[in-house]
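So this block is entry32.txt, compact mmCIF, C-alpha atoms:
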```
# COMPACT_ATOMS: atom_id res chain seq x y z
CA MET O 1 -156.24 7.85 59.18
CA LYS O 2 -153.88 10.78 59.59
CA LYS O 3 -154.09 12.91 62.66
CA THR O 4 -155.26 16.47 62.05
CA GLU O 5 -152.78 19.19 62.82
CA SER O 6 -152.74 20.74 66.24
CA LYS O 7 -154.01 24.27 66.73
CA ASP O 8 -150.42 25.45 66.52
CA GLY O 9 -149.71 23.48 63.34
CA PHE O 10 -148.32 24.78 60.06
CA GLY O 11 -151.71 25.41 58.48
CA GLN O 12 -152.86 27.77 61.20
CA GLN O 13 -149.53 29.57 61.27
CA TRP O 14 -149.65 30.07 57.51
CA VAL O 15 -153.06 31.74 57.43
CA SER O 16 -152.43 33.83 60.55
CA TYR O 17 -150.07 36.79 60.93
CA ARG O 18 -147.41 38.28 63.19
CA PRO O 19 -148.63 41.65 64.44
CA GLU O 20 -145.09 42.68 65.41
CA ILE O 21 -144.02 42.83 61.74
CA LYS O 22 -143.82 46.40 60.46
CA VAL O 23 -143.75 47.50 56.82
CA ILE O 24 -141.48 50.42 55.92
CA ASP O 25 -142.35 51.88 52.52
CA VAL O 26 -139.21 53.30 50.88
CA THR O 27 -140.73 54.40 47.56
CA ILE O 28 -139.73 58.06 47.74
CA ARG O 29 -136.34 57.59 49.39
CA ASP O 30 -135.01 54.64 47.37
CA GLY O 31 -136.87 55.69 44.24
CA GLY O 32 -135.25 59.09 44.50
CA LEU O 33 -131.94 57.48 43.55
CA MET O 34 -133.38 57.12 40.03
CA ASN O 35 -134.34 60.78 39.50
CA ASP O 36 -132.05 62.78 41.79
CA HIS O 37 -134.94 63.01 44.29
CA ARG O 38 -136.97 65.25 42.01
CA PHE O 39 -140.42 63.90 42.82
CA GLY O 40 -143.16 66.49 42.56
CA ASP O 41 -145.24 67.25 45.62
CA ASP O 42 -148.21 65.52 44.00
CA VAL O 43 -146.34 62.20 43.84
CA VAL O 44 -144.96 62.43 47.38
CA ARG O 45 -148.37 63.43 48.72
CA ALA O 46 -150.01 60.55 46.85
CA VAL O 47 -147.54 58.01 48.27
CA TYR O 48 -148.07 59.43 51.75
CA ALA O 49 -151.87 59.28 51.41
CA ALA O 50 -151.69 55.71 50.08
CA CYS O 51 -149.47 54.60 52.97
CA VAL O 52 -151.93 56.12 55.45
CA ALA O 53 -154.96 54.54 53.78
CA ALA O 54 -153.22 51.17 53.39
CA GLY O 55 -152.20 50.93 57.05
CA VAL O 56 -148.46 50.93 56.26
CA ASP O 57 -146.42 51.40 59.44
CA TYR O 58 -143.60 53.71 58.28
CA MET O 59 -142.93 55.84 55.21
CA GLU O 60 -139.35 56.79 54.39
CA ILE O 61 -139.68 60.19 52.76
CA GLY O 62 -136.06 60.81 51.77
CA TYR O 63 -132.52 61.53 52.87
CA LYS O 64 -130.82 63.91 55.26
CA THR O 65 -127.80 64.81 53.14
CA SER O 66 -125.18 67.47 53.82
CA LYS O 67 -125.67 70.52 51.62
CA ARG O 68 -121.91 70.95 51.72
CA LEU O 69 -121.53 67.66 49.85
CA ALA O 70 -124.57 67.84 47.58
CA ALA O 71 -125.59 71.18 46.08
CA PRO O 72 -129.36 71.69 46.51
CA ALA O 73 -129.58 73.11 42.97
CA ASN O 74 -128.62 69.68 41.61
CA TYR O 75 -131.25 67.67 43.50
CA GLY O 76 -134.87 67.64 44.51
CA PRO O 77 -135.96 68.41 48.09
CA TRP O 78 -136.13 64.75 49.13
CA LYS O 79 -132.35 64.57 49.09
CA PHE O 80 -132.38 66.83 52.17
CA CYS O 81 -135.85 66.58 53.76
CA ASP O 82 -135.87 70.04 55.30
CA GLU O 83 -138.60 70.27 57.91
CA ALA O 84 -140.59 72.84 55.90
CA ASP O 85 -140.61 70.57 52.83
CA VAL O 86 -141.77 67.55 54.80
CA ARG O 87 -144.50 69.50 56.57
CA ARG O 88 -145.67 70.90 53.22
CA ILE O 89 -146.65 67.31 52.37
CA VAL O 90 -147.80 65.86 55.69
CA GLY O 91 -148.70 68.85 57.87
CA ASP O 92 -148.44 67.65 61.46
CA ASN O 93 -148.98 64.04 60.30
CA ASP O 94 -151.93 63.46 62.57
CA THR O 95 -152.14 59.80 61.51
CA ASP O 96 -150.91 56.39 62.64
CA LEU O 97 -148.25 56.39 59.92
CA LYS O 98 -144.74 57.10 61.16
CA LEU O 99 -142.24 58.99 59.02
CA CYS O 100 -138.55 58.30 58.66
CA VAL O 101 -135.49 59.64 56.88
CA MET O 102 -132.20 58.01 55.94
CA ALA O 103 -128.87 59.55 56.90
CA ASP O 104 -125.74 58.14 55.25
CA ALA O 105 -122.68 57.88 57.46
CA GLU O 106 -120.16 60.59 56.55
CA ARG O 107 -122.68 62.31 54.26
CA CYS O 108 -124.93 64.00 56.80
CA ASP O 109 -124.35 66.99 59.07
CA TYR O 110 -126.50 65.23 61.61
CA ARG O 111 -125.75 67.38 64.62
CA GLU O 112 -126.95 70.50 62.84
CA ASP O 113 -129.40 69.21 60.23
CA ILE O 114 -131.45 66.82 62.38
CA PRO O 115 -133.42 68.86 64.94
CA PRO O 116 -134.70 67.52 68.26
CA LYS O 117 -137.71 65.24 67.81
CA GLN O 118 -139.95 67.77 69.54
CA ASP O 119 -139.30 70.15 66.64
CA SER O 120 -139.80 67.62 63.86
CA VAL O 121 -142.59 65.60 62.30
CA ILE O 122 -140.08 62.81 61.58
CA ASP O 123 -140.28 59.79 63.90
CA MET O 124 -137.30 57.65 62.94
CA VAL O 125 -133.75 58.25 61.72
CA ARG O 126 -132.31 55.37 59.71
CA VAL O 127 -128.53 55.40 59.56
CA ALA O 128 -126.99 53.75 56.49
CA THR O 129 -123.41 52.64 56.90
CA TYR O 130 -120.72 50.51 55.35
CA ILE O 131 -118.79 48.31 57.73
CA HIS O 132 -115.76 50.64 57.89
CA GLN O 133 -118.04 53.54 58.89
CA VAL O 134 -119.58 51.85 61.94
CA PRO O 135 -117.88 54.21 64.45
CA VAL O 136 -119.48 57.20 62.70
CA ALA O 137 -122.80 55.37 62.50
CA LEU O 138 -122.71 54.72 66.24
CA ASP O 139 -122.20 58.42 66.92
CA MET O 140 -125.14 59.21 64.64
CA VAL O 141 -127.32 56.71 66.48
CA HIS O 142 -126.43 58.21 69.85
CA ASP O 143 -127.15 61.71 68.54
CA ALA O 144 -130.57 60.71 67.14
CA HIS O 145 -131.44 58.69 70.24
CA GLU O 146 -130.63 61.61 72.53
CA LYS O 147 -132.80 63.86 70.36
CA GLY O 148 -135.75 61.52 70.87
CA TYR O 149 -135.96 59.55 67.61
CA GLU O 150 -136.45 55.89 66.92
CA THR O 151 -133.38 54.57 65.11
CA THR O 152 -132.21 51.83 62.80
CA VAL O 153 -128.83 51.01 61.32
CA ASN O 154 -128.83 49.64 57.79
CA LEU O 155 -125.53 47.80 57.41
CA MET O 156 -125.01 48.03 53.66
CA ALA O 157 -123.37 45.66 51.19
CA ALA O 158 -123.40 42.73 53.61
CA SER O 159 -122.70 40.40 50.70
CA VAL O 160 -119.10 41.65 50.42
CA VAL O 161 -118.29 41.91 54.15
CA PRO O 162 -116.12 39.10 55.62
CA GLU O 163 -118.08 37.31 58.31
CA GLN O 164 -115.57 38.13 61.04
CA GLU O 165 -115.94 41.85 60.32
CA LEU O 166 -119.70 41.50 60.10
CA VAL O 167 -119.82 39.88 63.54
CA GLY O 168 -117.60 42.60 64.98
CA GLY O 169 -119.85 45.29 63.56
CA LEU O 170 -122.98 43.59 64.87
CA GLU O 171 -121.49 43.35 68.36
CA LEU O 172 -120.81 47.09 68.39
CA LEU O 173 -124.18 48.05 66.94
CA CYS O 174 -126.13 45.87 69.34
CA LYS O 175 -124.42 47.51 72.33
CA SER O 176 -125.73 50.90 71.14
CA PRO O 177 -129.22 52.32 71.75
CA VAL O 178 -130.25 51.55 68.16
CA GLY O 179 -133.73 50.07 67.87
CA ALA O 180 -133.23 47.89 64.81
CA VAL O 181 -130.37 46.48 62.76
CA TYR O 182 -130.90 45.69 59.08
CA LEU O 183 -129.58 42.99 56.82
CA VAL O 184 -129.16 44.85 53.52
CA ASP O 185 -128.72 43.06 50.20
CA SER O 186 -127.37 46.15 48.45
CA PHE O 187 -126.34 44.36 45.27
CA GLY O 188 -129.28 41.96 45.00
CA ALA O 189 -126.79 39.11 45.26
CA PHE O 190 -128.27 36.90 47.98
CA TYR O 191 -130.12 33.64 47.56
CA GLY O 192 -132.58 32.28 50.10
CA GLU O 193 -130.03 30.01 51.77
CA GLN O 194 -127.75 32.97 52.42
CA VAL O 195 -130.60 35.07 53.79
CA ARG O 196 -131.58 32.30 56.20
CA TYR O 197 -127.98 31.91 57.39
CA LEU O 198 -127.44 35.64 57.86
CA VAL O 199 -130.75 36.27 59.61
CA ASP O 200 -129.77 33.54 62.08
CA LEU O 201 -126.33 35.14 62.44
CA TYR O 202 -127.76 38.62 62.98
CA GLY O 203 -130.36 37.24 65.37
CA LYS O 204 -127.66 35.80 67.65
CA HIS O 205 -126.63 39.39 68.32
CA THR O 206 -129.91 41.31 68.05
CA LYS O 207 -132.21 39.06 70.07
CA PRO O 208 -130.22 39.00 73.35
CA ARG O 209 -130.03 42.81 73.22
CA GLY O 210 -133.72 43.26 72.43
CA LYS O 211 -133.04 44.75 69.00
CA THR O 212 -135.42 44.36 66.08
CA LEU O 213 -134.02 42.73 62.95
CA GLY O 214 -134.83 44.27 59.57
CA MET O 215 -134.50 43.27 55.91
CA HIS O 216 -133.86 45.47 52.87
CA ALA O 217 -133.64 43.58 49.59
CA HIS O 218 -132.89 44.53 45.97
CA ASN O 219 -134.36 42.77 42.99
CA ASN O 220 -131.41 42.16 40.66
CA GLN O 221 -132.13 38.43 40.48
CA GLN O 222 -135.92 38.65 40.93
CA LEU O 223 -135.49 37.59 44.57
CA ALA O 224 -136.23 40.73 46.59
CA TYR O 225 -139.74 39.58 47.53
CA ALA O 226 -138.71 35.96 48.11
CA ASN O 227 -135.73 36.98 50.23
CA THR O 228 -137.86 39.38 52.27
CA ILE O 229 -140.28 36.54 52.99
CA GLU O 230 -137.37 34.28 53.98
CA ALA O 231 -136.13 36.93 56.38
CA ALA O 232 -139.60 37.39 57.87
CA ILE O 233 -140.06 33.65 58.38
CA LYS O 234 -136.72 33.54 60.17
CA GLY O 235 -137.67 36.41 62.48
CA ALA O 236 -137.11 39.77 60.78
CA ASN O 237 -139.82 42.19 61.88
CA PHE O 238 -138.93 45.39 59.98
CA LEU O 239 -139.47 44.81 56.26
CA ASP O 240 -138.62 47.39 53.60
CA SER O 241 -140.57 47.62 50.35
CA SER O 242 -141.60 50.09 47.69
CA MET O 243 -144.62 50.57 45.47
CA ALA O 244 -144.18 48.67 42.20
CA GLY O 245 -140.63 48.01 43.45
CA LEU O 246 -139.53 51.57 42.62
CA GLY O 247 -135.94 51.94 43.78
CA ARG O 248 -132.33 52.13 42.71
CA GLY O 249 -131.56 50.02 39.65
CA ALA O 250 -133.49 46.77 39.84
CA GLY O 251 -135.60 48.18 42.64
CA ASN O 252 -136.90 46.66 45.84
CA CYS O 253 -139.37 44.19 47.26
CA GLN O 254 -142.82 45.36 46.15
CA THR O 255 -145.10 46.81 48.82
CA GLU O 256 -148.17 45.42 47.09
CA LEU O 257 -146.78 41.88 47.21
CA LEU O 258 -145.58 42.16 50.78
CA ILE O 259 -148.77 43.41 52.39
CA GLY O 260 -150.70 40.70 50.57
CA PHE O 261 -148.39 38.04 51.96
CA LEU O 262 -148.46 39.28 55.55
CA HIS O 263 -152.21 38.62 56.03
CA ASN O 264 -152.50 41.37 58.65
CA PRO O 265 -156.05 42.78 58.39
CA LYS O 266 -154.76 46.27 59.15
CA TYR O 267 -153.20 46.41 55.67
CA ARG O 268 -155.32 47.37 52.67
CA LEU O 269 -154.13 46.75 49.14
CA ARG O 270 -156.44 48.94 47.08
CA PRO O 271 -154.89 52.33 48.02
CA ILE O 272 -151.44 51.02 47.06
CA LEU O 273 -152.71 49.81 43.69
CA GLN O 274 -154.41 53.12 43.02
CA CYS O 275 -151.22 55.04 43.79
CA ILE O 276 -149.20 52.73 41.54
CA GLN O 277 -151.69 53.11 38.71
CA GLU O 278 -151.97 56.89 38.90
CA HIS O 279 -148.48 57.98 39.98
CA ILE O 280 -145.80 55.27 39.98
CA GLU O 281 -146.23 53.30 36.75
CA PRO O 282 -146.43 56.47 34.61
CA MET O 283 -142.80 57.15 35.63
CA ARG O 284 -141.45 53.74 34.58
CA ALA O 285 -140.63 54.60 30.96
CA GLN O 286 -138.47 57.51 32.09
CA LEU O 287 -136.90 56.10 35.27
CA ARG O 288 -136.41 52.53 33.99
CA TRP O 289 -136.22 50.76 37.31
CA GLY O 290 -136.93 47.09 37.84
CA PHE O 291 -135.59 43.72 36.77
CA ASP O 292 -133.23 44.11 33.82
CA ILE O 293 -130.51 41.84 32.50
CA PRO O 294 -127.58 44.22 33.17
CA TYR O 295 -128.80 44.50 36.77
CA MET O 296 -129.12 40.72 36.86
CA VAL O 297 -125.49 40.36 35.79
CA THR O 298 -124.18 42.70 38.50
CA GLY O 299 -126.29 40.85 41.06
CA MET O 300 -124.92 37.49 40.01
CA LEU O 301 -121.39 38.85 40.22
CA ASN O 302 -122.05 40.52 43.59
CA GLN O 303 -121.24 43.97 42.26
CA HIS O 304 -122.70 47.41 42.84
CA PRO O 305 -125.23 48.13 40.05
CA ARG O 306 -123.59 51.45 39.11
CA ALA O 307 -122.03 49.87 36.01
CA ALA O 308 -125.42 48.62 34.85
CA MET O 309 -127.04 51.97 35.57
CA ALA O 310 -124.38 53.76 33.50
CA PHE O 311 -124.72 51.23 30.68
CA ASN O 312 -128.50 51.59 30.58
CA ALA O 313 -128.14 55.36 30.35
CA GLY O 314 -125.63 55.11 27.49
CA ASP O 315 -125.74 54.66 23.74
CA HIS O 316 -125.28 50.86 23.85
CA ARG O 317 -128.34 50.12 25.97
CA GLY O 318 -129.79 46.82 24.81
CA ASP O 319 -126.47 45.29 23.75
CA LEU O 320 -126.55 42.72 26.54
CA VAL O 321 -123.59 40.70 25.31
CA LYS O 322 -121.42 43.81 25.16
CA PHE O 323 -122.32 44.63 28.75
CA PHE O 324 -121.73 41.06 29.92
CA ASP O 325 -118.32 40.91 28.23
CA SER O 326 -117.28 44.26 29.69
CA ILE O 327 -118.20 43.20 33.21
CA VAL O 328 -116.61 39.75 32.98
CA ASP O 329 -113.43 41.18 31.45
CA ALA O 330 -113.18 43.63 34.34
CA GLU O 331 -113.29 40.83 36.90
```

Could you show the structure in this file as structure tokens?
Amino acid sequence: MKKTESKDGFGQQWVSYRPEIKVIDVTIRDGGLMNDHRFGDDVVRAVYAACVAAGVDYMEIGYKTSKRLAAPANYGPWKFCDEADVRRIVGDNDTDLKLCVMADAERCDYREDIPPKQDSVIDMVRVATYIHQVPVALDMVHDAHEKGYETTVNLMAASVVPEQELVGGLELLCKSPVGAVYLVDSFGAFYGEQVRYLVDLYGKHTKPRGKTLGMHAHNNQQLAYANTIEAAIKGANFLDSSMAGLGRGAGNCQTELLIGFLHNPKYRLRPILQCIQEHIEPMRAQLRWGFDIPYMVTGMLNQHPRAAMAFNAGDHRGDLVKFFDSIVDAE
């Protein structure tokens, strides 16, 4: 007769949960890349209310982008997240939900446009950087930290960064006051084996410095959810997701799938489903995010999805062979 599993066995671990895992809903920020950040207040307010009701930990409400580089007339307010616009949606945010914004390295006038935390309803500044921009990202982290914010660094396009450079960047980031460092699958190119390897690699630098490890996945190969789970199992505790996967191109790991998987009783699925039904899915026909063969092709080839996005917006949309040939010929 087989011995029953110990109290710490696999079965108990599987049906339990890790309370330190935090869900960051990126619906409005990442989804804004599909409509130039022109969400109406009703949609942003509905996503905010759903995140509060569902027990989501953080909501990323948009970008902090330089108005010198992006004319406000060409974008919606969530490209810039001026304090008055954010407060119009959330008031003083007298809830347990924390709010965050993303600031791209070299595209944000962070010293002027990000006020001290005491003057803002935002809780966290998330710095997005490519490997060659790490020095700028570090300055942004120091600036946000000194102003009183929580911080993350999302190291983008990790799938095309040589490992030696990646390690050098991680060493610098983990010496900074940043709270969390993210593995970002910008092109939706990673498979589970790669995620496991990279989470271990990142963890060798983040854990000794007491930094949280995060995961941001894209769904080009239908693996955003699976890869997010892989990262969580290997120790990532900040997990990005969006409602119905709304996000750039193929979109992201779905919030509704993630909170179901995590088993944490603080999370409630029904408010997310209601928001998706009433506000997110009605936008799908126009915004056309989600798994799509052109996005699949760019993911397989480890390329930025911009070519697929342009193709899908053009006159030849649907001619999959034409797109495939054009991408392969360009290799």

**Report entry** His132 (chain O) surroundings by all atoms listed in the file, 12 Å radius, close-in-sequence under 2 positions cut, as a list in words
**Finding:**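 Selected residues are Ala105, Glu106, Ala128, Thr129, Tyr130, Val134, Pro135, Val136, Ala137, Leu138, Leu155, Met156, Ala157, Ala158, Val161, Pro162, Glu165, Leu166, Gly168 and Gly169 of chain O.
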
Selection from above, C-alpha atoms, as a PDB file, keeping the file's coordinate frame, can you write it?
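Okay, this is what ended up in again37.pdb:
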```
ATOM      1  CA  ALA O 105    -122.680  57.880  57.460  1.00  0.00           C
ATOM      2  CA  GLU O 106    -120.160  60.590  56.550  1.00  0.00           C
ATOM      3  CA  ALA O 128    -126.990  53.750  56.490  1.00  0.00           C
ATOM      4  CA  THR O 129    -123.410  52.640  56.900  1.00  0.00           C
ATOM      5  CA  TYR O 130    -120.720  50.510  55.350  1.00  0.00           C
ATOM      6  CA  VAL O 134    -119.580  51.850  61.940  1.00  0.00           C
ATOM      7  CA  PRO O 135    -117.880  54.210  64.450  1.00  0.00           C
ATOM      8  CA  VAL O 136    -119.480  57.200  62.700  1.00  0.00           C
ATOM      9  CA  ALA O 137    -122.800  55.370  62.500  1.00  0.00           C
ATOM     10  CA  LEU O 138    -122.710  54.720  66.240  1.00  0.00           C
ATOM     11  CA  LEU O 155    -125.530  47.800  57.410  1.00  0.00           C
ATOM     12  CA  MET O 156    -125.010  48.030  53.660  1.00  0.00           C
ATOM     13  CA  ALA O 157    -123.370  45.660  51.190  1.00  0.00           C
ATOM     14  CA  ALA O 158    -123.400  42.730  53.610  1.00  0.00           C
ATOM     15  CA  VAL O 161    -118.290  41.910  54.150  1.00  0.00           C
ATOM     16  CA  PRO O 162    -116.120  39.100  55.620  1.00  0.00           C
ATOM     17  CA  GLU O 165    -115.940  41.850  60.320  1.00  0.00           C
ATOM     18  CA  LEU O 166    -119.700  41.500  60.100  1.00  0.00           C
ATOM     19  CA  GLY O 168    -117.600  42.600  64.980  1.00  0.00           C
ATOM     20  CA  GLY O 169    -119.850  45.290  63.560  1.00  0.00           C
TER      21      GLY O 169
END
```

Please provide the set of residues having any atom within 8 Å of Asn154 (chain O), restricted to all atoms listed in the file, with same-chain residues fewer than 5 positions apart removed, written as a PDB file with C-alpha atoms, in the frame of the given file.
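Result file result_12.pdb:
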```pdb
ATOM      1  CA  ARG O 126    -132.310  55.370  59.710  1.00  0.00           C
ATOM      2  CA  VAL O 127    -128.530  55.400  59.560  1.00  0.00           C
ATOM      3  CA  ALA O 128    -126.990  53.750  56.490  1.00  0.00           C
ATOM      4  CA  THR O 129    -123.410  52.640  56.900  1.00  0.00           C
ATOM      5  CA  VAL O 181    -130.370  46.480  62.760  1.00  0.00           C
ATOM      6  CA  TYR O 182    -130.900  45.690  59.080  1.00  0.00           C
ATOM      7  CA  LEU O 183    -129.580  42.990  56.820  1.00  0.00           C
ATOM      8  CA  VAL O 184    -129.160  44.850  53.520  1.00  0.00           C
TER       9      VAL O 184
END
```

Query raised in the report: So which residues fall inside 12 Å of (-153.2, 46.9, 54.8) if we count all atoms listed in the file? Mind giving them as JSON, numbers by chain?
Result: {"O": [19, 22, 23, 50, 51, 52, 53, 54, 55, 56, 57, 97, 255, 256, 257, 258, 259, 260, 261, 262, 263, 264, 265, 266, 267, 268, 269, 270, 271, 272, 273]}

Query raised in the report: Which residue, O:Ile293, O:Arg38, O:Ile24, O:Phe324, has the smallest gap to Ala73 (chain O) when you use only C-alpha atoms?
Result: O:Arg38

Report task. Extract, using only C-alpha atoms, all DNA, RNA and protein residues at most 9 Å from region 232-242 of chain O, discarding same-chain residues fewer than 4 positions from it, and format them as a VMD selection string. Result -> chain O and resid 18 20 to 28 30 to 31 180 182 195 to 196 199 to 200 203 212 to 217 224 to 225 227 to 228 246 to 247 251 to 256 258

Report task. Give as a list of chain:residue names the set of residues within 10 Å of the point (-133.8, 68.4, 45.1), where distances use the file's coordinates and all atoms listed in the file. Result ->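 Residues lying no farther than 10 Å from the given point: O:Gly32, O:Asn35, O:Asp36, O:His37, O:Arg38, O:Phe39, O:Gly40, O:Ala70, O:Ala71, O:Pro72, O:Ala73, O:Asn74, O:Tyr75, O:Gly76, O:Pro77, O:Trp78, O:Lys79, O:Phe80, O:Cys81.
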
File dump, residues just selected, C-alpha atoms, as an mmCIF file, keeping the file's coordinate frame:
```cif
data_model
loop_
_atom_site.group_PDB
_atom_site.id
_atom_site.type_symbol
_atom_site.label_atom_id
_atom_site.label_comp_id
_atom_site.auth_asym_id
_atom_site.auth_seq_id
_atom_site.Cartn_x
_atom_site.Cartn_y
_atom_site.Cartn_z
ATOM 1 C CA GLY O 32 -135.250 59.090 44.500
ATOM 2 C CA ASN O 35 -134.340 60.780 39.500
ATOM 3 C CA ASP O 36 -132.050 62.780 41.790
ATOM 4 C CA HIS O 37 -134.940 63.010 44.290
ATOM 5 C CA ARG O 38 -136.970 65.250 42.010
ATOM 6 C CA PHE O 39 -140.420 63.900 42.820
ATOM 7 C CA GLY O 40 -143.160 66.490 42.560
ATOM 8 C CA ALA O 70 -124.570 67.840 47.580
ATOM 9 C CA ALA O 71 -125.590 71.180 46.080
ATOM 10 C CA PRO O 72 -129.360 71.690 46.510
ATOM 11 C CA ALA O 73 -129.580 73.110 42.970
ATOM 12 C CA ASN O 74 -128.620 69.680 41.610
ATOM 13 C CA TYR O 75 -131.250 67.670 43.500
ATOM 14 C CA GLY O 76 -134.870 67.640 44.510
ATOM 15 C CA PRO O 77 -135.960 68.410 48.090
ATOM 16 C CA TRP O 78 -136.130 64.750 49.130
ATOM 17 C CA LYS O 79 -132.350 64.570 49.090
ATOM 18 C CA PHE O 80 -132.380 66.830 52.170
ATOM 19 C CA CYS O 81 -135.850 66.580 53.760
#
```

Requested in this report: May I ask which of the residues O:Met243, O:Val167, O:Met296, O:Ile114 is the closest one to Tyr149 (chain O), counting all atoms listed in the file?
Outcome: O:Ile114

Box time for region 306-313 of chain O: axis-aligned, enclosing all its listed atoms, 3 Å extra on each side; report centre and edge lengths in Å to one decimal, as lines of an AutoDock Vina configuration file.
```
center_x = -125.3
center_y = 52.0
center_z = 34.7
size_x = 12.5
size_y = 12.7
size_z = 14.8
```
